[in-house]
Amino acid sequence: MNELVEITLRSLLVSGSATLLAALFGLPLGLWLGARGRPQRLAASLLYAGMGLPPVVVGLFFYFLLSRSGPLGSLGLLYTIPGMVLAESVLAFPLIAGFAMAGVAEKANPVRRLVKSLGGSELQAYLTLLAESRRVVVAALAAGFGAVISEVGAVTIVGGDIRHATRVLTTAVVIETRKGELERAAALGAVLLGVTLLITAVLVLFGEREAR
Amino acid sequence: MRRWLFPLVLGLGLSLAASPLRLATTTSVHDSGLLDAILPGFTAETGIPVQVIAVGTGQALAIAGRGDADAALVHAPALEARFLKEQKGVLHACLAKNRFLLVGPPEDPAGVRWETNVLNALRKIYLKGALFVSRGDESGTHKKELELWRAAGLRPQGKPWYLESGSGMGATLTLASEKGAYTLTDLGTFLFMRDRVRLLALFDRDDPRMTNQYSYMATNPERFPWVNFEGAKRLRAYLLRKDVQERIGAYLKDRFGQSLFEPLYGRCPIPVP
């Protein structure tokens, strides 16, 4: 397989898995926080501050956590794709939860009252809210995905930029730059931008179609 | 989608199946392409895939020193000695050497071009206050630079003309070129970058102070019982073998008209106790 294709697919695999993992926890939390009547100042502050988590710091944290000499060392996850996915999902989580929370806050009460008045349960109210907020979900996923696929600090420390194992588009740009192969680095950067645009466009289309 | 997923899952499965050897290495041997030229031969002979983590020497030793790499290939004899003394590494062997160069703008504002002693060259830069870029990243080259300033009896840290780049050798050469500054570089990276930067080799002499020695060490299996010590021993034997050492010496010799890495056959010109 062509190395560029391999690196691109690995980038998609890592960022996609991390986004899904973060959404699995972040979307329910965001919906729940947003749907509660009163504004959640503490949760909002924490989530919004988490949007600014420095990737290198998260990477370093996961390095110590996953290192063979660290608490989860026996899992052997350092310098592997699952290890990278874990670190990236922590970066995506506040973005996804925060966007979801902010996005549903306005709609939450009317939707809930409507569902309840029609005899629906609390769970049904949340599911209806989720269905009514597809654009919010798309924005949350796009923000999370965009943050992790473009990120280089955490994947370098946790992944190690190992060729044919953990090299992704951003770390490939770094190494080509370091080698002085600036044209190649720029070409890889263009691929990265193109892939991000493509995935985001697919997400947006998906959200629009279903929202009609 | 399924057509894409299959090779990905297969690749993931395969990479988990074979027990690879993790080598933490300095950037210069990796970015010059040397490892890509000699490691596939090892994998073909032994079936052991090698995963290279290319970082500065300081970070490479930190990674190996926590048992996160099975072996290290680095170039900072003083740090290596400490690593061995702390019983983090074993089976030290010198693989190759080249030299450090002092490079700078063609105008040579501090006038170091005809200097025959590198310490005097640094003194001239210091007295002139000419721009100097330091790696500032605990790499082998950075360690060497600090050692030279110390030997010259100077402390450039904190001076307005002393810039710390905190990045790799290639990026540092680019920075020095843009700023019209001096910097210390290894021969290999400079030869690769020569055509892309506005810098000349102003001190390039066979001076023992400027020897750049690359060594291999295995991570100590007594301290880190999970490491792939068998693989690390076999890679050591492979790298020191006569034919492989000759290939290291011949690497890109035609292109640059000189050896990028002179083989050492395990002997160390700079002793590492």
# chains A, B, ... in the order shown; residues from 1 in each chain; ligands from 1
$ residues_around --residues "Phe229 (chain B)" --least-positions-apart "6" --cutoff "9 Å" --atoms "only C-alpha atoms" --output "JSON list (two decimals) with N, CA and C atoms, in the first residue's frame"
[["chain", "number", "residue", "atom", "x", "y", "z"],
["B", 21, "LEU", "N", 10.96, -4.66, 17.84],
["B", 21, "LEU", "CA", 12.02, -4.09, 18.66],
["B", 21, "LEU", "C", 11.86, -2.58, 18.59],
["B", 70, "ASP", "N", 13.52, -0.65, 23.73],
["B", 70, "ASP", "CA", 14.38, -1.80, 24.01],
["B", 70, "ASP", "C", 15.86, -1.46, 23.82],
["B", 71, "ALA", "N", 16.12, -0.42, 23.04],
["B", 71, "ALA", "CA", 17.50, -0.03, 22.78],
["B", 71, "ALA", "C", 17.53, 1.45, 22.42],
["B", 218, "ALA", "N", 21.65, -1.35, 24.82],
["B", 218, "ALA", "CA", 20.41, -2.08, 25.07],
["B", 218, "ALA", "C", 19.87, -1.63, 26.42],
["B", 219, "THR", "N", 18.55, -1.61, 26.56],
["B", 219, "THR", "CA", 17.95, -1.29, 27.86],
["B", 219, "THR", "C", 18.18, -2.47, 28.80],
["B", 220, "ASN", "N", 18.53, -2.15, 30.04],
["B", 220, "ASN", "CA", 18.91, -3.19, 31.01],
["B", 220, "ASN", "C", 17.73, -4.11, 31.36],
["B", 221, "PRO", "N", 17.81, -5.39, 30.98],
["B", 221, "PRO", "CA", 16.68, -6.29, 31.20],
["B", 221, "PRO", "C", 16.49, -6.66, 32.67]]
$ closest_atom_pairs --of "chain B" --to "chain A" --cutoff "10 Å" --atoms "only C-alpha atoms" --output "tab-separated table"
residue	atom	partner	partner_atom	distance
B:Trp4	CA	A:Leu9	CA	8.2
B:Leu5	CA	A:Leu9	CA	9.1
B:Pro7	CA	A:Met1	CA	9.1
B:Leu8	CA	A:Leu9	CA	7.8
B:Gly11	CA	A:Ala165	CA	8.7
B:Leu12	CA	A:Ala165	CA	8.2
B:Ser15	CA	A:Ala165	CA	7.2
B:Leu16	CA	A:Thr80	CA	9.1
B:Arg22	CA	A:Ile162	CA	9.3
B:Leu23	CA	A:Ile162	CA	9.9
B:Ala24	CA	A:Gly160	CA	9.3
B:Thr27	CA	A:Arg178	CA	8.9
B:Ser28	CA	A:Lys179	CA	9.1
B:His30	CA	A:Lys179	CA	9.3
B:Asp31	CA	A:Lys179	CA	5.6
B:Ser32	CA	A:Lys179	CA	7.5
B:Gly33	CA	A:Lys179	CA	9.4
B:Asp36	CA	A:Arg163	CA	9.9
B:Val50	CA	A:Ile162	CA	9.4
B:Gln51	CA	A:Ile162	CA	5.9
B:Val52	CA	A:Ile162	CA	5.6
B:Ile53	CA	A:Gly160	CA	5.4
B:Ala54	CA	A:Gly160	CA	7.6
B:Val55	CA	A:Gly160	CA	8.5
B:Ile63	CA	A:Ser67	CA	8.7
B:Gly65	CA	A:Ser69	CA	9.4
B:Arg66	CA	A:Ser69	CA	5.7
B:Gly67	CA	A:Arg68	CA	6.1
B:Asp68	CA	A:Arg68	CA	5.8
B:Ala69	CA	A:Arg68	CA	9.3
B:Ser167	CA	A:Arg178	CA	8.6
B:Gly168	CA	A:Arg178	CA	6.4
B:Met169	CA	A:Arg178	CA	7.3
B:Gly170	CA	A:Arg178	CA	5.1
B:Ala171	CA	A:Arg178	CA	5.7
B:Thr172	CA	A:Arg178	CA	9.0
B:Leu173	CA	A:Gly180	CA	9.5
B:Thr174	CA	A:Gly180	CA	8.4
B:Thr189	CA	A:Lys179	CA	8.1
B:Phe192	CA	A:Gly180	CA	8.0
B:Met193	CA	A:Gly180	CA	6.6
B:Arg196	CA	A:Gly180	CA	7.9
B:Val197	CA	A:Gly180	CA	9.7
B:Phe224	CA	A:Ser69	CA	8.4
B:Trp226	CA	A:Arg68	CA	8.2
B:Val227	CA	A:Arg68	CA	9.4
$ write_last_selection --atoms "C-alpha atoms" --output "tab-separated table (two decimals), in the first residue's frame"
chain	number	residue	atom	x	y	z
B	4	TRP	CA	-10.72	0.17	3.47
B	5	LEU	CA	-11.34	-1.36	6.82
B	7	PRO	CA	-6.35	-3.81	5.25
B	8	LEU	CA	-6.42	-1.49	8.26
B	11	GLY	CA	-2.31	-4.23	9.44
B	12	LEU	CA	-3.26	-3.59	13.06
B	15	SER	CA	1.63	-5.23	13.98
B	16	LEU	CA	0.33	-6.66	17.24
B	22	ARG	CA	11.66	-0.47	19.76
B	23	LEU	CA	14.69	1.69	19.10
B	24	ALA	CA	14.78	5.21	20.54
B	27	THR	CA	17.08	12.46	14.91
B	28	SER	CA	20.23	12.74	12.79
B	30	HIS	CA	16.95	8.79	11.25
B	31	ASP	CA	16.38	11.98	9.28
B	32	SER	CA	19.45	11.29	7.14
B	33	GLY	CA	17.78	8.07	5.99
B	36	ASP	CA	15.82	3.20	6.61
B	50	VAL	CA	12.16	-2.47	14.23
B	51	GLN	CA	10.04	0.47	15.36
B	52	VAL	CA	12.07	3.66	15.36
B	53	ILE	CA	11.19	6.53	17.67
B	54	ALA	CA	13.26	9.46	16.46
B	55	VAL	CA	13.72	12.15	19.12
B	63	ILE	CA	12.30	6.89	27.00
B	65	GLY	CA	15.38	4.90	30.90
B	66	ARG	CA	11.76	4.08	31.71
B	67	GLY	CA	11.87	0.83	29.81
B	68	ASP	CA	9.70	2.21	26.98
B	69	ALA	CA	12.29	1.36	24.34
B	167	SER	CA	13.79	22.39	17.75
B	168	GLY	CA	15.56	19.80	15.64
B	169	MET	CA	18.80	20.32	13.70
B	170	GLY	CA	17.12	20.93	10.33
B	171	ALA	CA	14.78	23.57	11.75
B	172	THR	CA	17.66	25.13	13.69
B	173	LEU	CA	19.78	25.44	10.52
B	174	THR	CA	16.84	27.08	8.76
B	189	THR	CA	22.29	17.18	8.72
B	192	PHE	CA	21.54	17.44	3.63
B	193	MET	CA	20.52	21.05	4.22
B	196	ARG	CA	18.66	25.05	1.19
B	197	VAL	CA	20.32	27.35	3.71
B	224	PHE	CA	13.14	-3.53	33.02
B	226	TRP	CA	9.62	-6.63	29.93
B	227	VAL	CA	12.09	-5.36	27.33
$ closest_residue --among "B:Asp204, B:Pro106, B:Arg209, B:Val112" --to "Ala151 (chain B)" --atoms "only C-alpha atoms"
B:Arg209
$ closest_residue --among "A:Leu205, A:Ile96, A:Val195, A:Met51" --to "Ala139 (chain A)" --atoms "only C-alpha atoms"
A:Ile96
$ closest_residue --among "B:Lys242, B:Lys88, B:Arg194, B:Arg155" --to "Arg123 (chain B)" --atoms "only C-alpha atoms"
B:Arg155
$ select_by_dssp --residues "region 52-95 of chain B" --states "strand (DSSP E or B)" --output "PyMOL selection string"
chain B and resi 52-54+71-74+89-95
$ write_last_selection --atoms "C-alpha atoms" --output "PDB file, in the first residue's frame"
ATOM      1  CA  VAL B  52      12.074   3.658  15.356  1.00  0.00           C
ATOM      2  CA  ILE B  53      11.185   6.526  17.673  1.00  0.00           C
ATOM      3  CA  ALA B  54      13.263   9.460  16.465  1.00  0.00           C
ATOM      4  CA  ALA B  71      17.499  -0.026  22.783  1.00  0.00           C
ATOM      5  CA  ALA B  72      18.871   3.460  22.170  1.00  0.00           C
ATOM      6  CA  LEU B  73      21.085   4.953  19.477  1.00  0.00           C
ATOM      7  CA  VAL B  74      22.420   8.273  20.700  1.00  0.00           C
ATOM      8  CA  GLY B  89      21.574   0.500  29.878  1.00  0.00           C
ATOM      9  CA  VAL B  90      23.959  -2.342  29.043  1.00  0.00           C
ATOM     10  CA  LEU B  91      26.134  -3.540  26.150  1.00  0.00           C
ATOM     11  CA  HIS B  92      27.350  -0.084  25.090  1.00  0.00           C
ATOM     12  CA  ALA B  93      29.083  -0.036  21.704  1.00  0.00           C
ATOM     13  CA  CYS B  94      30.258   2.735  19.399  1.00  0.00           C
ATOM     14  CA  LEU B  95      28.820   2.403  15.898  1.00  0.00           C
TER      15      LEU B  95
END
$ select_by_dssp --residues "region 18-206 of chain A" --states "alpha helix (DSSP H)" --output "MDAnalysis selection string"
chainID A and resid 18:35 41:50 55:66 81:117 122:132 134:149 153:159 169:179 182:206
$ closest_residue --among "B:Leu101, B:Val272, B:Leu61, B:Leu260" --to "Gly188 (chain B)" --atoms "only C-alpha atoms"
B:Leu260
$ residues_around --residues "Val56 (chain A)" --least-positions-apart "3" --cutoff "10 Å" --atoms "only C-alpha atoms" --output "mmCIF file with N, CA and C atoms, in the first residue's frame"
data_model
loop_
_atom_site.group_PDB
_atom_site.id
_atom_site.type_symbol
_atom_site.label_atom_id
_atom_site.label_comp_id
_atom_site.auth_asym_id
_atom_site.auth_seq_id
_atom_site.Cartn_x
_atom_site.Cartn_y
_atom_site.Cartn_z
ATOM 1 N N LEU A 53 -7.452 22.613 26.567
ATOM 2 C CA LEU A 53 -6.420 21.689 27.080
ATOM 3 C C LEU A 53 -5.242 21.652 26.113
ATOM 4 N N GLY A 59 -0.723 14.756 26.209
ATOM 5 C CA GLY A 59 0.175 13.718 25.711
ATOM 6 C C GLY A 59 1.144 13.259 26.787
ATOM 7 N N LEU A 60 1.700 14.228 27.491
ATOM 8 C CA LEU A 60 2.659 13.923 28.548
ATOM 9 C C LEU A 60 1.997 13.122 29.668
ATOM 10 N N PHE A 61 0.764 13.536 30.029
ATOM 11 C CA PHE A 61 0.006 12.829 31.050
ATOM 12 C C PHE A 61 -0.181 11.369 30.636
ATOM 13 N N PHE A 62 -0.585 11.162 29.387
ATOM 14 C CA PHE A 62 -0.800 9.790 28.925
ATOM 15 C C PHE A 62 0.516 9.034 28.779
ATOM 16 N N GLU A 151 -4.014 17.853 15.388
ATOM 17 C CA GLU A 151 -3.218 18.005 16.592
ATOM 18 C C GLU A 151 -1.909 17.221 16.443
ATOM 19 N N VAL A 152 -0.808 17.762 16.950
ATOM 20 C CA VAL A 152 0.461 17.061 16.756
ATOM 21 C C VAL A 152 1.173 16.757 18.077
ATOM 22 N N GLY A 153 0.879 17.537 19.116
ATOM 23 C CA GLY A 153 1.618 17.379 20.371
ATOM 24 C C GLY A 153 1.390 16.039 21.047
ATOM 25 N N ALA A 154 0.125 15.667 21.207
ATOM 26 C CA ALA A 154 -0.181 14.434 21.928
ATOM 27 C C ALA A 154 0.174 13.194 21.108
ATOM 28 N N VAL A 155 -0.123 13.208 19.805
ATOM 29 C CA VAL A 155 0.183 12.007 19.006
ATOM 30 C C VAL A 155 1.683 11.755 18.915
ATOM 31 N N THR A 156 2.470 12.830 18.961
ATOM 32 C CA THR A 156 3.919 12.629 18.899
ATOM 33 C C THR A 156 4.405 11.936 20.169
ATOM 34 N N ILE A 157 3.947 12.419 21.325
ATOM 35 C CA ILE A 157 4.458 11.887 22.588
ATOM 36 C C ILE A 157 3.916 10.486 22.844
ATOM 37 N N VAL A 158 2.629 10.271 22.587
ATOM 38 C CA VAL A 158 2.015 8.977 22.893
ATOM 39 C C VAL A 158 2.241 7.961 21.770
#
$ decode --residues "region 126-154 of chain B" --atoms "N, CA and C atoms" --output "mmCIF file, in the first residue's frame"
data_model
loop_
_atom_site.group_PDB
_atom_site.id
_atom_site.type_symbol
_atom_site.label_atom_id
_atom_site.label_comp_id
_atom_site.auth_asym_id
_atom_site.auth_seq_id
_atom_site.Cartn_x
_atom_site.Cartn_y
_atom_site.Cartn_z
ATOM 1 N N TYR B 126 31.431 35.419 20.859
ATOM 2 C CA TYR B 126 30.998 35.971 22.148
ATOM 3 C C TYR B 126 31.364 37.452 22.252
ATOM 4 N N LEU B 127 32.622 37.761 21.927
ATOM 5 C CA LEU B 127 33.076 39.148 22.079
ATOM 6 C C LEU B 127 32.368 40.068 21.098
ATOM 7 N N LYS B 128 32.098 39.552 19.892
ATOM 8 C CA LYS B 128 31.436 40.357 18.873
ATOM 9 C C LYS B 128 29.938 40.494 19.186
ATOM 10 N N GLY B 129 29.411 39.537 19.975
ATOM 11 C CA GLY B 129 27.965 39.526 20.221
ATOM 12 C C GLY B 129 27.198 39.158 18.960
ATOM 13 N N ALA B 130 27.824 38.311 18.111
ATOM 14 C CA ALA B 130 27.155 37.904 16.862
ATOM 15 C C ALA B 130 26.062 36.888 17.194
ATOM 16 N N LEU B 131 24.976 36.904 16.415
ATOM 17 C CA LEU B 131 23.845 35.994 16.669
ATOM 18 C C LEU B 131 24.307 34.539 16.619
ATOM 19 N N PHE B 132 23.845 33.763 17.607
ATOM 20 C CA PHE B 132 24.176 32.344 17.665
ATOM 21 C C PHE B 132 22.902 31.598 18.042
ATOM 22 N N VAL B 133 22.582 30.533 17.285
ATOM 23 C CA VAL B 133 21.392 29.750 17.602
ATOM 24 C C VAL B 133 21.795 28.456 18.287
ATOM 25 N N SER B 134 21.235 28.235 19.468
ATOM 26 C CA SER B 134 21.469 27.003 20.205
ATOM 27 C C SER B 134 20.254 26.107 20.041
ATOM 28 N N ARG B 135 20.497 24.779 19.988
ATOM 29 C CA ARG B 135 19.361 23.855 19.908
ATOM 30 C C ARG B 135 18.494 23.974 21.165
ATOM 31 N N GLY B 136 19.136 24.086 22.327
ATOM 32 C CA GLY B 136 18.391 24.261 23.570
ATOM 33 C C GLY B 136 17.441 23.131 23.893
ATOM 34 N N ASP B 137 17.745 21.890 23.466
ATOM 35 C CA ASP B 137 16.763 20.810 23.613
ATOM 36 C C ASP B 137 17.350 19.536 24.225
ATOM 37 N N GLU B 138 18.501 19.639 24.864
ATOM 38 C CA GLU B 138 19.114 18.463 25.488
ATOM 39 C C GLU B 138 19.480 17.380 24.474
ATOM 40 N N SER B 139 19.604 17.754 23.216
ATOM 41 C CA SER B 139 20.042 16.792 22.206
ATOM 42 C C SER B 139 21.555 16.609 22.330
ATOM 43 N N GLY B 140 22.096 15.640 21.629
ATOM 44 C CA GLY B 140 23.536 15.415 21.664
ATOM 45 C C GLY B 140 24.298 16.635 21.179
ATOM 46 N N THR B 141 23.776 17.281 20.136
ATOM 47 C CA THR B 141 24.428 18.467 19.585
ATOM 48 C C THR B 141 24.390 19.614 20.598
ATOM 49 N N HIS B 142 23.258 19.759 21.275
ATOM 50 C CA HIS B 142 23.136 20.797 22.297
ATOM 51 C C HIS B 142 24.130 20.557 23.432
ATOM 52 N N LYS B 143 24.233 19.280 23.858
ATOM 53 C CA LYS B 143 25.186 18.938 24.923
ATOM 54 C C LYS B 143 26.596 19.311 24.512
ATOM 55 N N LYS B 144 26.941 18.981 23.270
ATOM 56 C CA LYS B 144 28.284 19.292 22.766
ATOM 57 C C LYS B 144 28.515 20.801 22.766
ATOM 58 N N GLU B 145 27.515 21.562 22.322
ATOM 59 C CA GLU B 145 27.649 23.018 22.270
ATOM 60 C C GLU B 145 27.911 23.578 23.674
ATOM 61 N N LEU B 146 27.140 23.098 24.673
ATOM 62 C CA LEU B 146 27.322 23.585 26.046
ATOM 63 C C LEU B 146 28.717 23.238 26.558
ATOM 64 N N GLU B 147 29.161 22.032 26.191
ATOM 65 C CA GLU B 147 30.494 21.579 26.616
ATOM 66 C C GLU B 147 31.577 22.497 26.030
ATOM 67 N N LEU B 148 31.396 22.918 24.771
ATOM 68 C CA LEU B 148 32.389 23.789 24.135
ATOM 69 C C LEU B 148 32.413 25.170 24.785
ATOM 70 N N TRP B 149 31.241 25.750 25.059
ATOM 71 C CA TRP B 149 31.200 27.052 25.724
ATOM 72 C C TRP B 149 31.891 26.967 27.080
ATOM 73 N N ARG B 150 31.605 25.862 27.802
ATOM 74 C CA ARG B 150 32.197 25.700 29.125
ATOM 75 C C ARG B 150 33.714 25.617 29.019
ATOM 76 N N ALA B 151 34.172 24.833 28.020
ATOM 77 C CA ALA B 151 35.614 24.681 27.836
ATOM 78 C C ALA B 151 36.268 26.020 27.481
ATOM 79 N N ALA B 152 35.508 26.887 26.800
ATOM 80 C CA ALA B 152 36.051 28.195 26.442
ATOM 81 C C ALA B 152 35.953 29.176 27.606
ATOM 82 N N GLY B 153 35.327 28.734 28.709
ATOM 83 C CA GLY B 153 35.191 29.578 29.884
ATOM 84 C C GLY B 153 34.149 30.676 29.718
ATOM 85 N N LEU B 154 33.122 30.417 28.911
ATOM 86 C CA LEU B 154 32.118 31.449 28.632
ATOM 87 C C LEU B 154 30.725 30.982 29.017
#
